[in-house]
Amino acid sequence: MTKTIKSTLLLTCFLAGAANANTGLAFIHGTGKQTDARNDYWTSEFIDSVRKGIPNSEKYTVINCDFDQFMWHEDASGCLATALTHFISDQNITDLKLITHSNGGNIVRWILSNPTSNSLYPNIINKITHTVALAPSSGGTPLADAAIAGNAFEAGVGWLLGYNSDAVKQQQVSWMEFYNTEWLYGTSGRPALQSKFEAVVGSDVDSAIWDTDSYCGGYQYQVALEVTQNWLDNCSDGFLNCSSQAAAGSVWFYDKDKSNGKEPLSHHQSRRKCFGLDSLVRNRI
């Protein structure tokens with residue numbers, strides 16, 4: 001058999017496999033106990049735009065779990081695993097793509113890193129091919145440290161973090177450093193994750209009242225994140241330092257490198273239809 005014929009057969013097999021793949025998409029929220037994440041966390045306009053990136057845009061699910069718990073808790077990773085298992089089974093999914101935000105990336109990494117801790121995990125891991133992690137809190141945040149310390153700052157971030165939940169404790173910088181060293185894959189010096197885990201990094205917050213871009217996603221959130229940014233590095237999205245967002249997997253892009261108008265994505269805007277983010281994610285998947 002000639003080299004040309006072999007190459008043609010390999011390409012044919014690859015295309016046939018791709019055509020037979022049944023792609024599904026899951027949207028996985030961040031910290032908080034969600035009952036209607038489609039509307040309360042993501043918004044329908046973001047989800048309905050992104051899901052057009054898969055062959056059958058109806059094969060998607062929006063996760064609602066209690067991510068105020070530690071990532072290994074039954075109500076967190078257990079809930080996520082159960083929901084994904086039902087989705088995979090009901091829709092016969094063979095190619096599962098995930099869109100996560102913030103702490104949702106940690107819940108997914110727990111599943112990918114600990115395949116023997118739950119009987120549902122191996123099948124899910126074998127189906128996941130790509131995770132787009134929007135502003136993942138892979139390295140934790142100093143805001144969690146401040147909130148747990150119980151000082152006056154706590155009241156200022158209650159809307160963003162919750163109050164002294166286990167998820168907030170988990171996202172303290174030193175705690176995430178321990179988890180990344182001992183329990184989670186994907187960070188420097190640790191085993192790689194089995195599938196692609198790409199981060200979108202938010203690098204700044206704009207809240208100028210005269211700037212219409214500051215109103216995308218809600219101006220009040222921009223103002224609040226501008227305040228919390230004072231506790232963070234110069235490169236941050238108002239909740240997470242860039243270094244935290246880039247700590248696991250690989251960086252797909254920093255906001256200004258690809259956003260419309262080179263606008264920054266605050267932590268709130270990175271789950272909204274702002275500055276072309278939805279189109280970028282849709283095309284990526």
# chains A, B, ... in the order shown; residues from 1 in each chain; ligands from 1
>>> select_by_dssp(residues="region 35-183 of chain A", states="strand (DSSP E)", output="list in words")
Tyr60, Thr61, Val62, Asp95, Leu96, Lys97, Leu98, Ile99, Thr100, His101, Ile128, Thr129, His130, Thr131, Val132, Ala133 and Leu134 of chain A
>>> residues_around(residues="region 85-92 of chain A", least_positions_apart="4", cutoff="7 Å", atoms="only C-alpha atoms", output="number ranges by chain")
A: 22, 59, 81, 124
>>> write_last_selection(atoms="C-alpha atoms", output="compact mmCIF listing (two decimals), in the first residue's frame")
# COMPACT_ATOMS: atom_id res chain seq x y z
CA ASN A 22 -22.23 12.91 19.36
CA LYS A 59 -27.60 18.87 23.07
CA ALA A 81 -21.16 13.88 38.25
CA ILE A 124 -17.40 11.11 32.48
>>> residues_around(residues="Phe239 (chain A)", least_positions_apart="4", cutoff="12 Å", atoms="only C-alpha atoms", output="VMD selection string")
chain A and resid 102 to 103 135 to 137 139 to 146 157 159 to 161 171 201 to 205 221 to 222 224 to 235 243 to 245 265 to 270
>>> atom_distance(atom1="CA of Arg272 (chain A)", atom2="CA of Ala192 (chain A)")
29.1 Å
>>> closest_residue(among="A:Asn39, A:Ser138, A:Thr23, A:Asn180", to="Tyr60 (chain A)", atoms="only C-alpha atoms")
A:Thr23
>>> residues_around(residues="Tyr41 (chain A)", least_positions_apart="2", cutoff="9 Å", atoms="only C-alpha atoms", output="NGL selection string")
:A and (29-30 or 34 or 36-39 or 43 or 271-272)
>>> write_last_selection(atoms="all heavy atoms", output="PDB file, in the first residue's frame")
ATOM      1  N   HIS A  29     -21.500  26.360  36.537  1.00  0.00           N
ATOM      2  CA  HIS A  29     -21.396  27.629  37.260  1.00  0.00           C
ATOM      3  C   HIS A  29     -20.290  27.603  38.312  1.00  0.00           C
ATOM      4  O   HIS A  29     -19.647  26.572  38.554  1.00  0.00           O
ATOM      5  CB  HIS A  29     -22.740  27.968  37.918  1.00  0.00           C
ATOM      6  CG  HIS A  29     -23.191  26.983  38.962  1.00  0.00           C
ATOM      7  ND1 HIS A  29     -22.764  27.030  40.268  1.00  0.00           N
ATOM      8  CD2 HIS A  29     -24.057  25.929  38.890  1.00  0.00           C
ATOM      9  CE1 HIS A  29     -23.337  26.069  40.956  1.00  0.00           C
ATOM     10  NE2 HIS A  29     -24.121  25.371  40.146  1.00  0.00           N
ATOM     11  N   GLY A  30     -20.064  28.737  38.946  1.00  0.00           N
ATOM     12  CA  GLY A  30     -19.055  28.866  39.993  1.00  0.00           C
ATOM     13  C   GLY A  30     -19.664  28.790  41.380  1.00  0.00           C
ATOM     14  O   GLY A  30     -20.734  28.201  41.580  1.00  0.00           O
ATOM     15  N   GLN A  34     -27.073  27.005  43.088  1.00  0.00           N
ATOM     16  CA  GLN A  34     -27.894  27.446  41.977  1.00  0.00           C
ATOM     17  C   GLN A  34     -29.102  26.532  41.767  1.00  0.00           C
ATOM     18  O   GLN A  34     -29.003  25.306  41.895  1.00  0.00           O
ATOM     19  CB  GLN A  34     -27.069  27.485  40.691  1.00  0.00           C
ATOM     20  CG  GLN A  34     -25.927  28.482  40.703  1.00  0.00           C
ATOM     21  CD  GLN A  34     -26.403  29.920  40.744  1.00  0.00           C
ATOM     22  OE1 GLN A  34     -27.452  30.263  40.190  1.00  0.00           O
ATOM     23  NE2 GLN A  34     -25.647  30.764  41.414  1.00  0.00           N
ATOM     24  N   ASP A  36     -31.413  27.908  39.159  1.00  0.00           N
ATOM     25  CA  ASP A  36     -31.724  28.347  37.796  1.00  0.00           C
ATOM     26  C   ASP A  36     -30.512  29.079  37.235  1.00  0.00           C
ATOM     27  O   ASP A  36     -30.556  30.273  36.943  1.00  0.00           O
ATOM     28  CB  ASP A  36     -32.951  29.261  37.793  1.00  0.00           C
ATOM     29  CG  ASP A  36     -33.379  29.672  36.381  1.00  0.00           C
ATOM     30  OD1 ASP A  36     -32.896  29.057  35.413  1.00  0.00           O
ATOM     31  OD2 ASP A  36     -34.184  30.618  36.259  1.00  0.00           O
ATOM     32  N   ALA A  37     -29.419  28.331  37.060  1.00  0.00           N
ATOM     33  CA  ALA A  37     -28.157  28.936  36.621  1.00  0.00           C
ATOM     34  C   ALA A  37     -28.258  29.516  35.218  1.00  0.00           C
ATOM     35  O   ALA A  37     -27.534  30.457  34.887  1.00  0.00           O
ATOM     36  CB  ALA A  37     -27.031  27.907  36.678  1.00  0.00           C
ATOM     37  N   ARG A  38     -29.142  28.984  34.416  1.00  0.00           N
ATOM     38  CA  ARG A  38     -29.297  29.516  33.049  1.00  0.00           C
ATOM     39  C   ARG A  38     -29.624  31.001  33.083  1.00  0.00           C
ATOM     40  O   ARG A  38     -29.016  31.800  32.353  1.00  0.00           O
ATOM     41  CB  ARG A  38     -30.389  28.755  32.305  1.00  0.00           C
ATOM     42  CG  ARG A  38     -30.691  29.326  30.926  1.00  0.00           C
ATOM     43  CD  ARG A  38     -31.843  28.597  30.241  1.00  0.00           C
ATOM     44  NE  ARG A  38     -32.181  29.268  28.989  1.00  0.00           N
ATOM     45  CZ  ARG A  38     -31.594  29.014  27.824  1.00  0.00           C
ATOM     46  NH1 ARG A  38     -30.640  28.112  27.747  1.00  0.00           N
ATOM     47  NH2 ARG A  38     -31.961  29.661  26.739  1.00  0.00           N
ATOM     48  N   ASN A  39     -30.558  31.378  33.923  1.00  0.00           N
ATOM     49  CA  ASN A  39     -30.996  32.771  33.974  1.00  0.00           C
ATOM     50  C   ASN A  39     -30.283  33.586  35.051  1.00  0.00           C
ATOM     51  O   ASN A  39     -29.991  34.760  34.842  1.00  0.00           O
ATOM     52  CB  ASN A  39     -32.509  32.826  34.212  1.00  0.00           C
ATOM     53  CG  ASN A  39     -33.291  32.264  33.043  1.00  0.00           C
ATOM     54  OD1 ASN A  39     -33.200  32.766  31.933  1.00  0.00           O
ATOM     55  ND2 ASN A  39     -34.050  31.204  33.283  1.00  0.00           N
ATOM     56  N   THR A  43     -27.132  33.797  32.067  1.00  0.00           N
ATOM     57  CA  THR A  43     -28.087  34.482  31.186  1.00  0.00           C
ATOM     58  C   THR A  43     -28.321  33.650  29.923  1.00  0.00           C
ATOM     59  O   THR A  43     -27.404  33.015  29.392  1.00  0.00           O
ATOM     60  CB  THR A  43     -27.689  35.911  30.759  1.00  0.00           C
ATOM     61  OG1 THR A  43     -26.645  35.863  29.790  1.00  0.00           O
ATOM     62  CG2 THR A  43     -27.295  36.757  31.961  1.00  0.00           C
ATOM     63  N   ARG A 271     -18.777  35.817  32.362  1.00  0.00           N
ATOM     64  CA  ARG A 271     -19.881  34.876  32.194  1.00  0.00           C
ATOM     65  C   ARG A 271     -21.065  35.565  31.518  1.00  0.00           C
ATOM     66  O   ARG A 271     -22.209  35.183  31.702  1.00  0.00           O
ATOM     67  CB  ARG A 271     -20.304  34.265  33.529  1.00  0.00           C
ATOM     68  CG  ARG A 271     -20.663  35.265  34.627  1.00  0.00           C
ATOM     69  CD  ARG A 271     -20.885  34.513  35.935  1.00  0.00           C
ATOM     70  NE  ARG A 271     -20.923  35.356  37.095  1.00  0.00           N
ATOM     71  CZ  ARG A 271     -22.020  35.619  37.804  1.00  0.00           C
ATOM     72  NH1 ARG A 271     -23.173  35.107  37.434  1.00  0.00           N
ATOM     73  NH2 ARG A 271     -21.963  36.380  38.879  1.00  0.00           N
ATOM     74  N   ARG A 272     -20.750  36.586  30.756  1.00  0.00           N
ATOM     75  CA  ARG A 272     -21.769  37.367  30.076  1.00  0.00           C
ATOM     76  C   ARG A 272     -21.417  37.524  28.590  1.00  0.00           C
ATOM     77  O   ARG A 272     -20.288  37.278  28.181  1.00  0.00           O
ATOM     78  CB  ARG A 272     -21.888  38.762  30.708  1.00  0.00           C
ATOM     79  CG  ARG A 272     -22.450  38.752  32.120  1.00  0.00           C
ATOM     80  CD  ARG A 272     -23.934  38.417  32.104  1.00  0.00           C
ATOM     81  NE  ARG A 272     -24.533  38.531  33.433  1.00  0.00           N
ATOM     82  CZ  ARG A 272     -24.641  37.516  34.284  1.00  0.00           C
ATOM     83  NH1 ARG A 272     -24.164  36.328  33.943  1.00  0.00           N
ATOM     84  NH2 ARG A 272     -25.221  37.672  35.461  1.00  0.00           N
TER      85      ARG A 272
END
>>> atom_distance(atom1="CA of Gly261 (chain A)", atom2="CA of Ile47 (chain A)")
22.2 Å
>>> closest_residue(among="A:Ala208, A:Ser49, A:Val281, A:Val200", to="Phe253 (chain A)", atoms="only C-alpha atoms")
A:Val200
>>> atom_distance(atom1="CA of Asp278 (chain A)", atom2="CA of Phe27 (chain A)")
12.6 Å
>>> residues_around(residues="region 119-121 of chain A", least_positions_apart="3", cutoff="9 Å", atoms="only C-alpha atoms", output="ChimeraX atom specification")
/A:78,81-82,85,111-112,114-116,124-126
>>> select_by_dssp(residues="region 4-137 of chain A", states="helix (DSSP H, G or I)", output="VMD selection string")
chain A and resid 4 to 20 37 to 42 44 to 53 74 to 91 104 to 113 121 to 127
>>> residues_around(residues="Ser165 (chain A)", least_positions_apart="2", cutoff="10 Å", atoms="only C-alpha atoms", output="list in words")
Thr31, Gly32, Phe67, Asp68, Gln69, Phe70, Ala144, Ala147, Ile148, Leu161, Gly162, Tyr163, Ala167, Val168, Lys169 and Gln170 of chain A
>>> write_last_selection(atoms="N, CA and C atoms", output="short mmCIF file (atom, residue, chain, number, x, y, z; two decimals), in the first residue's frame")
data_model
loop_
_atom_site.label_atom_id
_atom_site.label_comp_id
_atom_site.auth_asym_id
_atom_site.auth_seq_id
_atom_site.Cartn_x
_atom_site.Cartn_y
_atom_site.Cartn_z
N THR A 31 -19.00 29.39 42.35
CA THR A 31 -19.43 29.33 43.74
C THR A 31 -20.89 29.76 43.89
N GLY A 32 -21.62 29.03 44.73
CA GLY A 32 -23.02 29.37 44.99
C GLY A 32 -23.92 28.17 44.80
N PHE A 67 -22.47 24.57 44.91
CA PHE A 67 -21.02 24.77 44.88
C PHE A 67 -20.56 25.70 46.01
N ASP A 68 -21.39 25.81 47.06
CA ASP A 68 -20.92 26.43 48.29
C ASP A 68 -20.18 25.42 49.16
N GLN A 69 -20.18 24.16 48.72
CA GLN A 69 -19.52 23.08 49.44
C GLN A 69 -18.07 22.91 48.97
N PHE A 70 -17.29 22.12 49.72
CA PHE A 70 -15.97 21.73 49.25
C PHE A 70 -16.13 20.97 47.94
N ALA A 144 -10.81 35.52 49.36
CA ALA A 144 -11.31 34.46 50.23
C ALA A 144 -10.61 34.51 51.58
N ALA A 147 -12.19 37.36 53.47
CA ALA A 147 -13.55 37.06 53.92
C ALA A 147 -13.53 36.12 55.12
N ILE A 148 -12.67 35.11 55.07
CA ILE A 148 -12.61 34.15 56.18
C ILE A 148 -12.03 34.79 57.43
N LEU A 161 -18.78 36.31 47.12
CA LEU A 161 -18.26 35.06 47.65
C LEU A 161 -19.27 34.26 48.47
N GLY A 162 -20.22 34.92 49.10
CA GLY A 162 -20.97 34.26 50.15
C GLY A 162 -20.23 34.51 51.46
N TYR A 163 -20.71 33.95 52.52
CA TYR A 163 -20.13 34.22 53.83
C TYR A 163 -19.63 32.94 54.48
N ALA A 167 -16.83 26.53 50.30
CA ALA A 167 -16.23 26.88 49.01
C ALA A 167 -15.32 28.10 49.14
N VAL A 168 -15.71 29.04 49.98
CA VAL A 168 -14.87 30.22 50.20
C VAL A 168 -13.59 29.81 50.93
N LYS A 169 -13.73 28.97 51.94
CA LYS A 169 -12.55 28.47 52.64
C LYS A 169 -11.61 27.77 51.66
N GLN A 170 -12.20 26.97 50.79
CA GLN A 170 -11.42 26.21 49.81
C GLN A 170 -10.60 27.11 48.91
#
>>> closest_residue(among="A:Glu182, A:Asp48, A:Glu74, A:Asp66", to="Thr35 (chain A)", atoms="only C-alpha atoms")
A:Asp66
>>> closest_residue(among="A:Ser259, A:Ala83, A:Ala26, A:Asn118", to="Ser57 (chain A)", atoms="only C-alpha atoms")
A:Ala26
>>> residues_around(residues="Ile99 (chain A)", least_positions_apart="4", cutoff="8 Å", atoms="only C-alpha atoms", output="VMD selection string")
chain A and resid 25 to 28 131 to 134
>>> closest_residue(among="A:Trp42, A:Ser207, A:Gly238, A:Cys274", to="His101 (chain A)", atoms="only C-alpha atoms")
A:Trp42
